[in-house]
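Student: Input structure: entry-v2.txt, which contains compact mmCIF, C-alpha atoms.
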# COMPACT_ATOMS: atom_id res chain seq x y z
CA MET A 1 -5.39 -53.37 -69.82
CA ILE A 2 -4.82 -57.08 -70.37
CA PHE A 3 -8.08 -58.67 -69.26
CA ARG A 4 -8.09 -61.35 -66.58
CA SER A 5 -9.62 -63.74 -69.11
CA ARG A 6 -6.44 -63.31 -71.13
CA GLY A 7 -4.06 -63.79 -68.22
CA GLY A 8 -3.87 -60.18 -66.99
CA LYS A 9 -2.87 -59.50 -63.35
CA ASP A 10 -4.15 -57.09 -60.69
CA THR A 11 -0.99 -54.98 -60.63
CA LEU A 12 -0.69 -51.23 -61.15
CA SER A 13 1.24 -51.85 -64.34
CA ASN A 14 -1.88 -53.54 -65.76
CA LEU A 15 -4.59 -51.25 -64.31
CA LEU A 16 -6.17 -48.09 -65.65
CA THR A 17 -9.15 -46.08 -64.43
CA LEU A 18 -11.91 -45.56 -67.03
CA CYS A 19 -15.36 -44.02 -66.90
CA GLU A 20 -18.32 -46.36 -67.37
CA THR A 21 -18.87 -45.38 -71.00
CA CYS A 22 -15.25 -45.93 -72.05
CA HIS A 23 -15.07 -49.16 -70.05
CA ALA A 24 -18.03 -50.57 -71.93
CA ALA A 25 -16.62 -49.37 -75.25
CA LEU A 26 -13.28 -51.02 -74.51
CA HIS A 27 -14.87 -54.40 -73.85
CA ALA A 28 -17.01 -53.96 -76.95
CA GLY A 29 -13.87 -53.45 -79.03
CA LYS A 30 -14.82 -49.90 -80.06
CA ILE A 31 -11.70 -48.30 -78.54
CA THR A 32 -8.11 -49.42 -78.05
CA LEU A 33 -5.74 -48.45 -75.26
CA HIS A 34 -2.34 -47.03 -76.14
CA THR A 35 -0.85 -46.49 -72.70
CA GLN A 36 1.10 -48.18 -69.94
CA GLY A 37 0.34 -48.44 -66.25
CA VAL A 38 2.48 -47.40 -63.33
CA SER A 39 5.42 -49.68 -62.62
CA GLY A 40 8.59 -49.79 -60.58
CA PHE A 41 8.84 -48.95 -56.89
CA LEU A 42 5.31 -47.52 -56.59
CA ASP A 43 3.90 -50.70 -58.08
CA GLN A 44 5.82 -52.80 -55.55
CA ILE A 45 4.48 -50.74 -52.63
CA ALA A 46 0.90 -51.10 -53.87
CA GLN A 47 1.30 -54.84 -54.37
CA ARG A 48 2.68 -55.37 -50.88
CA THR A 49 -0.15 -53.31 -49.41
CA MET A 50 -2.73 -55.39 -51.28
CA GLN A 51 -1.04 -58.63 -50.17
CA GLY A 52 -0.91 -57.39 -46.57
CA LYS A 53 -4.62 -56.58 -46.55
CA ARG A 54 -5.51 -59.94 -48.03
CA TYR A 55 -3.38 -61.74 -45.43
CA LEU A 56 -4.98 -59.69 -42.63
CA TYR A 57 -8.49 -60.52 -43.84
CA GLU A 58 -7.65 -64.23 -44.06
CA MET A 59 -6.28 -64.27 -40.52
CA LEU A 60 -9.30 -62.41 -39.12
CA ARG A 61 -11.73 -64.76 -40.86
CA LYS A 62 -10.18 -67.65 -38.94
CA THR A 63 -11.32 -66.06 -35.66
CA GLY A 64 -14.87 -65.15 -36.68
CA THR A 65 -17.15 -63.56 -39.23
CA LEU A 66 -15.54 -60.65 -41.08
CA GLU A 67 -17.40 -57.85 -42.83
CA THR A 68 -15.63 -54.99 -44.63
CA VAL A 69 -17.04 -51.49 -45.12
CA TYR A 70 -15.87 -48.37 -46.93
CA GLY A 71 -14.88 -45.04 -45.45
CA TYR A 72 -17.68 -43.13 -47.17
CA GLN A 73 -20.23 -45.49 -45.59
CA THR A 74 -19.05 -44.81 -42.05
CA ALA A 75 -18.81 -41.07 -42.81
CA VAL A 76 -22.48 -40.97 -43.90
CA TYR A 77 -23.52 -43.01 -40.86
CA ARG A 78 -21.55 -40.78 -38.46
CA LYS A 79 -23.10 -37.63 -39.92
CA HIS A 80 -26.54 -39.24 -39.71
CA LEU A 81 -25.97 -39.78 -35.97
CA GLY A 82 -24.73 -36.19 -35.62
CA LEU A 83 -21.41 -37.25 -34.07
CA PRO A 84 -18.05 -35.46 -34.45
CA LYS A 85 -15.22 -37.10 -36.36
CA THR A 86 -12.77 -38.82 -34.02
CA HIS A 87 -10.89 -42.10 -34.24
CA THR A 88 -13.02 -43.56 -31.44
CA ILE A 89 -16.34 -42.60 -33.03
CA ASP A 90 -15.20 -43.83 -36.44
CA GLY A 91 -14.36 -47.17 -34.84
CA LEU A 92 -17.82 -47.37 -33.21
CA CYS A 93 -19.50 -46.48 -36.51
CA ILE A 94 -17.57 -49.23 -38.30
CA ALA A 95 -18.55 -51.74 -35.61
CA THR A 96 -22.26 -50.82 -35.67
CA LEU A 97 -22.80 -49.85 -39.32
CA LEU A 98 -24.46 -53.16 -40.25
CA THR A 99 -26.58 -53.41 -37.08
CA GLY A 100 -27.62 -49.78 -36.61
CA GLU A 101 -26.91 -50.01 -32.89
CA VAL A 102 -25.96 -46.73 -31.24
CA ILE A 103 -23.24 -47.20 -28.60
CA PRO A 104 -22.58 -44.34 -26.15
CA VAL A 105 -19.13 -42.86 -26.64
CA SER A 106 -17.07 -43.60 -23.54
CA GLN A 107 -14.03 -41.57 -22.55
CA ASP A 108 -12.54 -44.38 -20.46
CA ASN A 109 -9.62 -46.53 -21.49
CA HIS A 110 -8.40 -44.30 -24.32
CA TYR A 111 -4.98 -45.23 -25.63
CA SER A 112 -2.62 -43.88 -28.22
CA ILE A 113 -0.83 -46.54 -30.26
CA THR A 114 2.34 -45.47 -32.04
CA PHE A 115 4.81 -47.33 -34.22
CA ARG A 116 8.54 -46.98 -33.70
CA PRO A 117 10.73 -48.99 -36.10
CA ARG A 118 13.99 -50.42 -34.82
CA GLN A 119 15.68 -49.61 -38.10
CA THR A 120 15.22 -46.37 -40.04
CA ARG A 121 13.98 -46.70 -43.59
CA ARG A 122 16.78 -44.48 -44.71
CA GLN A 123 19.80 -46.73 -45.16
CA TYR A 124 22.35 -44.26 -46.56
CA TYR A 125 22.86 -40.53 -46.88
CA ASP A 126 21.65 -39.16 -50.22
CA LEU A 127 25.04 -38.00 -51.47
CA PRO A 128 28.33 -39.90 -51.23
CA ARG A 129 31.07 -38.35 -49.11
CA LYS A 130 34.52 -37.61 -50.44
CA GLY A 131 36.83 -40.53 -49.85
CA GLN A 132 34.08 -42.52 -48.06
CA GLY A 133 31.54 -43.29 -50.76
CA ARG A 134 28.05 -44.10 -49.52
CA VAL A 135 27.81 -43.62 -45.77
CA LYS A 136 25.25 -45.44 -43.63
CA TYR A 137 22.62 -43.17 -42.09
CA GLN A 138 22.06 -45.12 -38.90
CA VAL A 139 25.60 -45.80 -37.70
CA ASN A 140 25.04 -46.80 -34.08
CA GLU A 141 22.41 -49.54 -33.89
CA GLU A 142 23.49 -50.49 -30.36
CA GLY A 143 25.35 -48.81 -27.52
CA GLU A 144 26.35 -50.30 -24.16
CA GLY A 145 23.58 -52.88 -24.37
CA PHE A 146 20.84 -50.46 -25.47
CA ARG A 147 19.15 -50.56 -28.85
CA LYS A 148 16.85 -48.27 -30.77
CA GLY A 149 13.25 -48.78 -29.60
CA ASP A 150 14.14 -49.92 -26.07
CA ILE A 151 12.02 -48.58 -23.20
CA VAL A 152 14.24 -47.14 -20.47
CA LYS A 153 13.91 -45.30 -17.18
CA VAL A 154 16.03 -42.16 -17.23
CA LYS A 155 17.52 -40.85 -13.97
CA LYS A 156 15.01 -42.95 -11.97
CA GLN A 157 12.22 -40.60 -13.05
CA TYR A 158 11.32 -40.51 -16.75
CA ILE A 159 10.16 -43.41 -18.87
CA LYS A 160 11.37 -42.93 -22.43
CA GLN A 161 11.82 -44.81 -25.68
CA ILE A 162 15.17 -44.66 -27.45
CA ASN A 163 14.77 -42.98 -30.84
CA SER A 164 18.42 -43.19 -31.84
CA ILE A 165 21.96 -43.54 -30.49
CA TYR A 166 24.24 -40.59 -31.18
CA SER A 167 27.84 -40.96 -32.30
CA ASN A 168 28.98 -39.67 -28.88
CA GLY A 169 27.17 -42.58 -27.21
CA TYR A 170 24.23 -40.61 -25.84
CA LEU A 171 20.75 -42.13 -26.08
CA ALA A 172 18.24 -39.83 -27.78
CA PHE A 173 14.51 -39.62 -26.97
CA LYS A 174 11.42 -37.84 -28.23
CA ARG A 175 11.45 -34.17 -27.25
CA LEU A 176 8.93 -33.34 -24.52
CA LYS A 177 8.88 -30.08 -22.57
CA GLY A 178 10.41 -30.49 -19.13
CA GLU A 179 11.93 -33.89 -19.90
CA PRO A 180 15.41 -34.83 -21.11
CA ASN A 181 15.78 -35.49 -24.83
CA GLN A 182 19.06 -37.38 -24.39
CA ALA A 183 21.03 -39.12 -21.66
CA LYS A 184 24.16 -41.14 -21.00
CA PRO A 185 23.66 -44.92 -20.94
CA LYS A 186 24.83 -45.03 -17.30
CA ASP A 187 21.85 -42.84 -16.35
CA CYS A 188 19.36 -45.24 -17.94
CA ARG A 189 17.90 -48.55 -16.84
CA LEU A 190 16.42 -50.97 -19.35
CA LEU A 191 12.75 -51.66 -18.64
CA GLU A 192 11.67 -53.45 -21.78
CA ARG A 193 13.45 -54.55 -24.91
CA GLY A 194 12.32 -52.50 -27.87
CA LYS A 195 8.92 -53.23 -29.39
CA THR A 196 7.66 -51.80 -32.64
CA MET A 197 4.34 -50.77 -31.08
CA ILE A 198 3.85 -48.77 -27.90
CA TRP A 199 0.54 -48.21 -26.09
CA GLU A 200 0.07 -45.03 -24.06
CA PRO A 201 -3.02 -44.10 -22.01
CA ILE A 202 -4.32 -40.63 -22.85
CA ASP A 203 -5.08 -38.29 -19.95
CA GLU A 204 -8.60 -36.87 -20.47
CA GLY A 205 -7.73 -33.54 -18.88
CA SER A 206 -4.77 -32.96 -21.14
CA SER A 207 -3.83 -33.54 -24.75
CA ARG A 208 -0.49 -34.92 -23.57
CA LYS A 209 -0.02 -38.68 -23.55
CA ILE A 210 0.89 -40.09 -20.16
CA LYS A 211 2.95 -43.26 -19.84
CA ASP A 212 1.80 -45.40 -16.94
CA SER A 213 4.99 -46.43 -15.18
CA ARG A 214 3.25 -48.92 -12.92
CA GLU A 215 3.46 -51.65 -15.55
CA PHE A 216 7.27 -51.48 -15.30
CA GLN A 217 7.56 -51.68 -11.52
The structure in this file should be written as structure tokens.
Tutor:
Amino acid sequence: MIFRSRGGKDTLSNLLTLCETCHAALHAGKITLHTQGVSGFLDQIAQRTMQGKRYLYEMLRKTGTLETVYGYQTAVYRKHLGLPKTHTIDGLCIATLLTGEVIPVSQDNHYSITFRPRQTRRQYYDLPRKGQGRVKYQVNEEGEGFRKGDIVKVKKQYIKQINSIYSNGYLAFKRLKGEPNQAKPKDCRLLERGKTMIWEPIDEGSSRKIKDSREFQ
């Protein structure tokens, strides 16, 4: 809305989508805008995302040549090759879009990568409590040496990641059929201090993710 040549910034509060005809008319001075862009929290999120992408691109360019492509380009290429839409195939299409090379899709070494934050985004309960005011949502950040995100071995059998620590002291895990969803700290052994990313090999014969315990032995 305020042109770059006049000191305008690339923020949502200064951006507006126009069709080609109106865009040309605006720059020709034939129309005038009487509107405001999005601001506030949404604007902050968008700005941080843009800054994060720019930082990522700069870091990758230090290691080699970096080319960026758009999602519609890889979609057209994938359909041209007659391949189904999966994360693996999308990745191969991105890697080979500029070369045209067709790489066979391998089913080996497939991993699921998940993100588990140590701290919940939700800081407080929505409504204040009588006589207490605003109450923190995540009360127990640590219990008997364990923290949210830690990888533990439960009852010498199950390898789990701590999702939260209940007020009664129990450690809570992701619910999986046939496995405990909580346990006492005394029944758990710390294997690895909590990381925000966890890699899990995917068993080809099953949709269930299998955690390879050998890396913790």
Student: What is the CA of Lys148 in chain A-CA of Asn163 in chain A distance in Å, reported with one decimal?
Tutor: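 CA of Lys148 in chain A sits 5.7 Å away from CA of Asn163 in chain A.
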Student: With a distance cut-off of 12 Å and all atoms listed in the file, select the neighbouring residues of Leu98 in chain A, excluding the residue or stretch itself and same-chain residues fewer than 4 positions from it, and output the selection as a PyMOL selection string.
Tutor: chain A and resi 66-70+73-74+77+92-94+102
Student: Would you put the residues from that selection into a file with C-alpha atoms, as a PDB file, keeping the file's coordinate frame?
Tutor:
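The resulting file, again-v2.pdb, is reproduced below:
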ATOM      1  CA  LEU A  66     -15.540 -60.650 -41.080  1.00  0.00           C
ATOM      2  CA  GLU A  67     -17.400 -57.850 -42.830  1.00  0.00           C
ATOM      3  CA  THR A  68     -15.630 -54.990 -44.630  1.00  0.00           C
ATOM      4  CA  VAL A  69     -17.040 -51.490 -45.120  1.00  0.00           C
ATOM      5  CA  TYR A  70     -15.870 -48.370 -46.930  1.00  0.00           C
ATOM      6  CA  GLN A  73     -20.230 -45.490 -45.590  1.00  0.00           C
ATOM      7  CA  THR A  74     -19.050 -44.810 -42.050  1.00  0.00           C
ATOM      8  CA  TYR A  77     -23.520 -43.010 -40.860  1.00  0.00           C
ATOM      9  CA  LEU A  92     -17.820 -47.370 -33.210  1.00  0.00           C
ATOM     10  CA  CYS A  93     -19.500 -46.480 -36.510  1.00  0.00           C
ATOM     11  CA  ILE A  94     -17.570 -49.230 -38.300  1.00  0.00           C
ATOM     12  CA  VAL A 102     -25.960 -46.730 -31.240  1.00  0.00           C
TER      13      VAL A 102
END
Student: Tell me, in Å to one decimal, how far CA of Met197 in chain A is from CA of Lys160 in chain A.
Tutor: 13.6 Å
Student: Kindly give the distance, in Å, that separates CA of Asn14 in chain A and CA of Arg61 in chain A, rounded to a single decimal.
Tutor: 29.0 Å
Student: Any idea what's packed within 12 Å of Gly169 in chain A, counting all atoms listed in the file, ignoring anything in its chain fewer than 5 positions away? Could you give it as a list in words?
Tutor: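 Once the adjacent positions are removed, what remains is Val139, Asn140, Glu141, Glu142, Gly143, Glu144, Gly145, Phe146, Arg147, Ser164, Gln182, Ala183, Lys184, Pro185 and Lys186 of chain A.
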Student: Next, the residues of the selection above should be written as a PDB file, keeping the file's coordinate frame with C-alpha atoms.
Tutor:
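New file again_14.pdb:
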ATOM      1  CA  VAL A 139      25.600 -45.800 -37.700  1.00  0.00           C
ATOM      2  CA  ASN A 140      25.040 -46.800 -34.080  1.00  0.00           C
ATOM      3  CA  GLU A 141      22.410 -49.540 -33.890  1.00  0.00           C
ATOM      4  CA  GLU A 142      23.490 -50.490 -30.360  1.00  0.00           C
ATOM      5  CA  GLY A 143      25.350 -48.810 -27.520  1.00  0.00           C
ATOM      6  CA  GLU A 144      26.350 -50.300 -24.160  1.00  0.00           C
ATOM      7  CA  GLY A 145      23.580 -52.880 -24.370  1.00  0.00           C
ATOM      8  CA  PHE A 146      20.840 -50.460 -25.470  1.00  0.00           C
ATOM      9  CA  ARG A 147      19.150 -50.560 -28.850  1.00  0.00           C
ATOM     10  CA  SER A 164      18.420 -43.190 -31.840  1.00  0.00           C
ATOM     11  CA  GLN A 182      19.060 -37.380 -24.390  1.00  0.00           C
ATOM     12  CA  ALA A 183      21.030 -39.120 -21.660  1.00  0.00           C
ATOM     13  CA  LYS A 184      24.160 -41.140 -21.000  1.00  0.00           C
ATOM     14  CA  PRO A 185      23.660 -44.920 -20.940  1.00  0.00           C
ATOM     15  CA  LYS A 186      24.830 -45.030 -17.300  1.00  0.00           C
TER      16      LYS A 186
END
Student: So which residues touch range 175-180 of chain A within 12 Å, counting only C-alpha atoms, skipping near sequence neighbours fewer than 4 positions away, as a list in words?
Tutor: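 Non-adjacent residues within range: Lys153, Val154, Lys155, Gln157, Tyr158, Ile159, Lys160, Gln161, Ile162, Asn163, Tyr170, Leu171, Lys184, Asp187, Cys188, Arg208, Lys209 and Ile210 of chain A.
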Student: Which residue gives the smallest distance to Asn109 in chain A among A:Thr88, A:Ser13, A:Gln132, A:Gln47, with all atoms listed in the file counted?
Tutor: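 Closest candidate: A:Thr88.
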Student: Taking all atoms listed in the file into account, name the residue in A:Glu200, A:Leu15, A:Lys130, A:Lys9 that is nearest to Thr35 in chain A.
Tutor: A:Leu15
Student: Check the smallest atom-to-atom distance from each of A:Tyr111, A:Thr65, A:Thr49, A:Phe3 to His23 in chain A using only C-alpha atoms, then report the winner.
Tutor: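 Distance minimum relative to His23 in chain A lands on A:Phe3.
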Student: Fewer than 2 positions away in the same chain doesn't count, so skip those; otherwise give me all residues within 12 Å of Val105 in chain A, counting only C-alpha atoms, as a compact mmCIF listing (two decimals) with C-alpha atoms, in the frame of the given file.
Tutor:
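Below is the file that was written, part-v2.txt:
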# COMPACT_ATOMS: atom_id res chain seq x y z
CA LEU A 81 -25.97 -39.78 -35.97
CA LEU A 83 -21.41 -37.25 -34.07
CA PRO A 84 -18.05 -35.46 -34.45
CA LYS A 85 -15.22 -37.10 -36.36
CA THR A 86 -12.77 -38.82 -34.02
CA HIS A 87 -10.89 -42.10 -34.24
CA THR A 88 -13.02 -43.56 -31.44
CA ILE A 89 -16.34 -42.60 -33.03
CA ASP A 90 -15.20 -43.83 -36.44
CA GLY A 91 -14.36 -47.17 -34.84
CA LEU A 92 -17.82 -47.37 -33.21
CA CYS A 93 -19.50 -46.48 -36.51
CA VAL A 102 -25.96 -46.73 -31.24
CA ILE A 103 -23.24 -47.20 -28.60
CA GLN A 107 -14.03 -41.57 -22.55
CA ASP A 108 -12.54 -44.38 -20.46
CA ASN A 109 -9.62 -46.53 -21.49
CA HIS A 110 -8.40 -44.30 -24.32
Student: Give the centre and edge lengths of an axis-aligned box, in Å to one decimal, that holds all listed atoms of range 165-173 of chain A with 5 Å on each side, as AutoDock Vina command-line options.
Tutor:
--center_x 21.7 --center_y -41.6 --center_z -29.1 --size_x 24.5 --size_y 13.9 --size_z 16.5
